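Engineer: I'd like to ask you about the structure that follows.
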Amino acid sequence: MQITRRNVGLMGFGITLAAPGLALAQAADPRLGVRSTGQATAPVTVLEFFSLTCGHCAAFHNQVWPRVKAELVNTGRIRMVWRDFPLDGVALAAAAVARALPEDRYEAFIATLFQTQDRWAFAQGRQIDELARIAALAGMDRARFDAVLADEALRRGILEQRMAAEREFQIRATPSFAFNGRLHSGNLPFEQFARLVQDAPRT
């Protein structure tokens, strides 16, 4: 999904991305820690910047990611690190819920969100209720769900990480991928993704 404005208002939360000088979220909050899969010693680390309401991101995860995981992650060629880049308030809510779950449920939960994106992300007026139903299947009851959405520290931390990514990588679209720091954007087919892994700079 192309990003057309740097200052994106996040509807429903009263938070904008234009505020200068925001400090990075404290690493002490484990919910804002690294979410990844693959060996830490893999020669290539791929950062994926994604929004859970982005259709192109869903297409990558549903159609390409299973093969990437089987052929590149499980074989030790890459480590994949997921970086939240919410484009709207619904995506921010979903990212907060995903990060509030136990870390070992994160990958499966975002996979479920991408597989069911049409059901919750675009259910006008019912996005939060539909998201709550999916969260319940992952073990988060409604009281906990509501508390997560009300947690401004978590939401602010996610947005600060997004802003840091914008500054570092000049991201203009989701999904975007940094292959050992080299950025490429778009829903990459597997063959192109694999070539970018092969061509990634080595240190």
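Identifiers for the structure tokens are assigned positionally: chains receive A, B, ... in sequence, residues are indexed from 1 per chain, and ligands are indexed from 1 in the order shown.
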So that I can see what lies close to region 99-110 of chain A, please list as a CSV table (one decimal) with all heavy atoms, in the first residue's frame the residues with an atom at most 8 Å from it, counting only C-alpha atoms and leaving out residues fewer than 5 positions away in the same chain.

Structural biologist:
chain,number,residue,atom,x,y,z
A,31,ARG,N,6.6,-6.2,25.4
A,31,ARG,CA,5.6,-6.2,24.3
A,31,ARG,C,6.1,-5.5,23.1
A,31,ARG,O,5.7,-5.8,22.0
A,31,ARG,CB,4.3,-5.5,24.8
A,31,ARG,CG,3.6,-6.2,26.0
A,31,ARG,CD,2.5,-5.4,26.5
A,31,ARG,NE,2.8,-4.1,26.9
A,31,ARG,CZ,2.0,-3.1,27.3
A,31,ARG,NH1,0.7,-3.3,27.3
A,31,ARG,NH2,2.4,-1.9,27.6
A,32,LEU,N,7.1,-4.6,23.3
A,32,LEU,CA,7.7,-3.9,22.2
A,32,LEU,C,9.0,-4.4,21.7
A,32,LEU,O,9.7,-3.8,20.9
A,32,LEU,CB,7.9,-2.4,22.6
A,32,LEU,CG,6.6,-1.6,22.9
A,32,LEU,CD1,6.9,-0.3,23.5
A,32,LEU,CD2,5.7,-1.5,21.7
A,35,ARG,N,10.0,-9.3,17.4
A,35,ARG,CA,9.2,-10.4,17.0
A,35,ARG,C,9.9,-11.0,15.8
A,35,ARG,O,9.9,-10.3,14.7
A,35,ARG,CB,7.8,-10.0,16.8
A,35,ARG,CG,7.1,-9.5,18.0
A,35,ARG,CD,6.9,-10.6,19.1
A,35,ARG,NE,6.1,-10.1,20.2
A,35,ARG,CZ,6.7,-9.6,21.4
A,35,ARG,NH1,8.0,-9.5,21.4
A,35,ARG,NH2,5.9,-9.2,22.4
A,52,LEU,N,-1.3,-4.3,9.3
A,52,LEU,CA,-2.2,-5.4,9.3
A,52,LEU,C,-3.5,-5.1,8.5
A,52,LEU,O,-4.3,-6.1,8.2
A,52,LEU,CB,-2.6,-5.8,10.7
A,52,LEU,CG,-1.4,-6.5,11.5
A,52,LEU,CD1,-1.6,-6.5,13.0
A,52,LEU,CD2,-1.3,-7.9,11.0
A,138,ALA,N,-7.4,-16.5,20.3
A,138,ALA,CA,-6.0,-16.6,20.7
A,138,ALA,C,-5.9,-16.6,22.2
A,138,ALA,O,-4.7,-16.6,22.7
A,138,ALA,CB,-5.2,-15.5,20.1
A,140,MET,N,-7.4,-14.2,24.4
A,140,MET,CA,-7.5,-12.9,25.1
A,140,MET,C,-9.0,-12.6,25.3
A,140,MET,O,-9.8,-12.4,24.3
A,140,MET,CB,-6.9,-11.8,24.2
A,140,MET,CG,-6.9,-10.4,24.8
A,140,MET,SD,-6.2,-9.1,23.8
A,140,MET,CE,-4.4,-9.5,24.0
A,148,VAL,N,-6.0,-3.5,26.5
A,148,VAL,CA,-4.9,-3.3,25.6
A,148,VAL,C,-5.2,-2.1,24.7
A,148,VAL,O,-4.3,-1.3,24.5
A,148,VAL,CB,-4.8,-4.6,24.7
A,148,VAL,CG1,-3.8,-4.4,23.5
A,148,VAL,CG2,-4.2,-5.7,25.6

Engineer: Might you pull out every residue within 12 Å of Arg182 (chain A), with only C-alpha atoms counted and same-chain residues fewer than 6 positions away left off, and present them as a ChimeraX atom specification?

Structural biologist: /A:44-48,168-171,176,196-197,199-202

Engineer: Determine which residues of region 23-191 of chain A DSSP labels as strand (DSSP E) from the backbone of this structure, then write them out as a list of chain:residue names.

Structural biologist: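 Strand (DSSP E) members of region 23-191 of chain A, listed: A:Arg35, A:Ser36, A:Thr37, A:Val44, A:Thr45, A:Val46, A:Leu47, A:Glu48, A:Phe49, A:Phe50, A:Ile78, A:Arg79, A:Met80, A:Val81, A:Trp82, A:Arg83, A:Asp84, A:Ser176, A:Phe177, A:Ala178, A:Phe179, A:Arg182, A:Leu183, A:His184, A:Ser185.
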
Engineer: Got a sec: who's within 10 Å of Asp118 (chain A), counting only C-alpha atoms, leaving out chain neighbours fewer than 6 positions off, as a list of chain:residue names?

Structural biologist: A:Thr53, A:Gly55, A:Ala58

Engineer: Which one is closest to Pro86 (chain A): A:Phe50, A:Trp120, A:Phe177, A:Phe193? Count only C-alpha atoms.

Structural biologist: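 The shortest atom-to-atom distance to Pro86 (chain A) comes from A:Phe50.
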
Engineer: Nearest to Ile158 (chain A): which of A:Gly89, A:Gly38, A:Gly186, A:Gly125 is it, counting only C-alpha atoms?

Structural biologist: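 Looking at the shortest contact to Ile158 (chain A), the residue is A:Gly89.
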